[in-house]
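Visitor: So that we are looking at the same thing, I have put the structure below in structure tokens.
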Amino acid sequence: MQLRPLLLKAGATAVTLGATLVSALYVTAHVKNPSAPLQPSVLNISSSVQPSNVQPVTSTYAS
Amino acid sequence: MGTSCSLFAVQPSALALLKGELWVRSLAARLTRFDARSELSRLNAAAGKWTAVSSEMEALLRESLRAHERSGGLVNVAVLPSMLAVGYTRTLADGPTAATLELARSAPELPSVLEVMPGRARLEPDVGIDLGGIAKGWMADRLAERLGPNVLVNLGGDLRARGGGPEGAGWPVGFGDATILLAGRGAATSSVLRRRWAGGLHHLIDPRTGLPAASDLVEVSVVAATAVDAEVVAKAALIAGRASAPAYCAAHADAWRLVPA
């Protein structure tokens, strides 16, 4: 009579542990760039500079 | 220069472009600190004595003093001892050497250790300078003037545009994920995501500590009146960090992009 609640508890525990393990594996496998910025950049363009949709010929970058 | 350079021009003269390339190669060879025979290396080696300098070196030293003033000391070419201490003793193509951080030290105030007179200059003893990004931006500005009225120069990411570009409204250039039209202005990017190596070390030295800058920004791009101005503002903003960078950029730049850590 008391076997069913025990099985339910054991099953719930197994599901929780399994989900935790799968999540950990997923996160570990999908770390693409640990040094990538985690927040969006802040862009401010004053009226003296015009944005454009034209394909850029070159870019500013750090070298 | 250890980086790539691109020249764009409307109705270009092949001879002018070739002369421009030769000018960059010649000047870069004189300004490198990785060749003991270069003009910069001889100036560093002669610290403590007055040394004859070329007109280009004189102009760059004066620009360095101006950059120090404009950045409140955050852009200081006298960080060479610290650059050597973090292992940046040779080109990064050859790889960094072992760091000796105990030798890193805060940089002296530049005007107190660098004197410039017409045709000659003097560094205080034990002072060394690395012209780095200032030389790159300054060269982009000078090269754009030499090439013609409608040109775009890209020296290792430091841009200087003259004229309206192919369509007349400005040269379309990438600015982070955006594209802007650059006309009569310069742009530059400073970052700690490049030129970094094991131990969290990188090339961008905070002159206040003499150690790699520990900023809460990892990259800053700026549009300003000239390439060298953009270079100075970008580097100072990155070192200053998120609390000060927006106001500093608003005062000195036409556009800016801040990338938080």
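By order in the structure tokens, chains are A, B, ...; within a chain, residues start at 1; ligands start at 1, following the order shown.
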I need the residues in stretch 1-34 of chain B that are helix (DSSP H, G or I) according to DSSP; give them as a ChimeraX atom specification.

Guide: /B:14-31

Visitor: Output N, CA and C atoms of each residue in that selection to a file, as a compact mmCIF listing (two decimals), in the first residue's frame.

Guide:
```
# COMPACT_ATOMS: atom_id res chain seq x y z
N ALA B 14 47.48 55.76 -59.35
CA ALA B 14 48.22 54.56 -58.95
C ALA B 14 49.56 54.94 -58.31
N LEU B 15 50.16 55.97 -58.85
CA LEU B 15 51.45 56.40 -58.30
C LEU B 15 51.29 56.95 -56.88
N ALA B 16 50.21 57.71 -56.66
CA ALA B 16 49.99 58.26 -55.32
C ALA B 16 49.75 57.15 -54.31
N LEU B 17 48.96 56.12 -54.72
CA LEU B 17 48.72 55.00 -53.81
C LEU B 17 50.01 54.25 -53.49
N LEU B 18 50.84 54.07 -54.52
CA LEU B 18 52.11 53.39 -54.30
C LEU B 18 53.02 54.20 -53.38
N LYS B 19 53.05 55.49 -53.62
CA LYS B 19 53.85 56.36 -52.73
C LYS B 19 53.32 56.29 -51.30
N GLY B 20 51.99 56.23 -51.17
CA GLY B 20 51.40 56.14 -49.85
C GLY B 20 51.81 54.86 -49.13
N GLU B 21 51.77 53.76 -49.86
CA GLU B 21 52.18 52.49 -49.26
C GLU B 21 53.64 52.54 -48.83
N LEU B 22 54.49 53.07 -49.67
CA LEU B 22 55.91 53.14 -49.33
C LEU B 22 56.14 54.05 -48.12
N TRP B 23 55.37 55.14 -48.03
CA TRP B 23 55.49 56.06 -46.90
C TRP B 23 55.13 55.35 -45.61
N VAL B 24 54.04 54.55 -45.64
CA VAL B 24 53.63 53.81 -44.44
C VAL B 24 54.72 52.82 -44.03
N ARG B 25 55.23 52.07 -44.99
CA ARG B 25 56.24 51.06 -44.66
C ARG B 25 57.50 51.72 -44.10
N SER B 26 57.91 52.83 -44.71
CA SER B 26 59.13 53.51 -44.27
C SER B 26 58.98 54.07 -42.87
N LEU B 27 57.85 54.74 -42.63
CA LEU B 27 57.65 55.37 -41.32
C LEU B 27 57.45 54.31 -40.23
N ALA B 28 56.72 53.25 -40.57
CA ALA B 28 56.50 52.19 -39.58
C ALA B 28 57.83 51.58 -39.15
N ALA B 29 58.75 51.44 -40.07
CA ALA B 29 60.07 50.88 -39.73
C ALA B 29 60.84 51.81 -38.79
N ARG B 30 60.61 53.10 -38.91
CA ARG B 30 61.31 54.05 -38.04
C ARG B 30 60.65 54.17 -36.67
N LEU B 31 59.37 53.80 -36.57
CA LEU B 31 58.63 54.02 -35.32
C LEU B 31 58.46 52.76 -34.49
```

Visitor: Please identify all residues of chain A having at least one atom at most 6 Å from any atom of chain B, considering only C-alpha atoms, and return them as a VMD selection string.

Guide: chain A and resid 37 41 to 46 50 to 52 56 to 63

Visitor: What lies within 12 Å of B:Arg42 using only C-alpha atoms, ignoring chain neighbours under 4 positions off, as a list in words?

Guide: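 Answer for this query is Arg30, Leu31, Thr32, Arg33, Phe34, Asp35, Ala36, Arg37, Ser38, Ala46, Ala47, Gly48, Lys49, Trp50, Thr51, Ala52, Val53, Met57, Ala121, Arg122, Leu123, Gly128 and Ile129 of chain B.
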
Visitor: Calculate how many Å separate atom CA of B:Met83 from atom CA of B:Arg70, rounding to one decimal.

Guide: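 Computing it gives 22.1 Å between the two atoms.
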
Visitor: Where does DSSP see strand (DSSP E or B) in stretch 8-156 of chain B, if you list the residues as number ranges by chain?

Guide: B: 8-9, 50-52, 114-117, 120-123, 151-155

Visitor: Would you save the residues of that selection, restricted to C-alpha atoms, as a short mmCIF file (atom, residue, chain, number, x, y, z; two decimals), in the first residue's frame?

Guide:
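Output file result-v8.cif follows:
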```
data_model
loop_
_atom_site.label_atom_id
_atom_site.label_comp_id
_atom_site.auth_asym_id
_atom_site.auth_seq_id
_atom_site.Cartn_x
_atom_site.Cartn_y
_atom_site.Cartn_z
CA PHE B 8 40.49 53.63 -50.88
CA ALA B 9 40.26 56.54 -53.30
CA TRP B 50 69.11 65.23 -26.06
CA THR B 51 68.69 63.34 -29.34
CA ALA B 52 68.15 64.58 -32.89
CA LEU B 114 59.61 64.26 -22.21
CA GLU B 115 60.99 67.50 -23.62
CA VAL B 116 60.58 68.34 -27.30
CA MET B 117 62.40 71.11 -29.12
CA ARG B 120 65.48 67.25 -30.96
CA ALA B 121 63.95 65.57 -27.95
CA ARG B 122 64.95 64.27 -24.54
CA LEU B 123 63.55 61.58 -22.27
CA VAL B 151 40.09 59.09 -49.92
CA LEU B 152 39.62 56.66 -47.05
CA VAL B 153 42.61 55.31 -45.14
CA ASN B 154 42.44 52.32 -42.83
CA LEU B 155 45.64 51.65 -40.88
#
```

Visitor: Show which residues sit within 8 Å of B:Gly73, as a ChimeraX atom specification. Count only C-alpha atoms, and ignore same-chain residues fewer than 6 positions away.

Guide: /B:67,109-110,207

Visitor: For the residues selected in the previous step, produce a file with N, CA and C atoms as a PDB file, in the first residue's frame.

Guide:
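See part.pdb below for the written result:
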```pdb
ATOM      1  N   ALA B  67      47.928  64.284 -26.405  1.00  0.00           N
ATOM      2  CA  ALA B  67      47.037  63.181 -26.022  1.00  0.00           C
ATOM      3  C   ALA B  67      47.016  63.009 -24.509  1.00  0.00           C
ATOM      4  N   GLU B 109      54.150  61.280 -15.200  1.00  0.00           N
ATOM      5  CA  GLU B 109      53.430  62.283 -15.992  1.00  0.00           C
ATOM      6  C   GLU B 109      54.290  62.639 -17.202  1.00  0.00           C
ATOM      7  N   LEU B 110      53.751  62.494 -18.382  1.00  0.00           N
ATOM      8  CA  LEU B 110      54.568  62.631 -19.589  1.00  0.00           C
ATOM      9  C   LEU B 110      55.280  63.975 -19.711  1.00  0.00           C
ATOM     10  N   PRO B 207      48.017  53.639 -17.187  1.00  0.00           N
ATOM     11  CA  PRO B 207      49.228  54.323 -16.696  1.00  0.00           C
ATOM     12  C   PRO B 207      49.184  54.636 -15.208  1.00  0.00           C
TER      13      PRO B 207
END
```
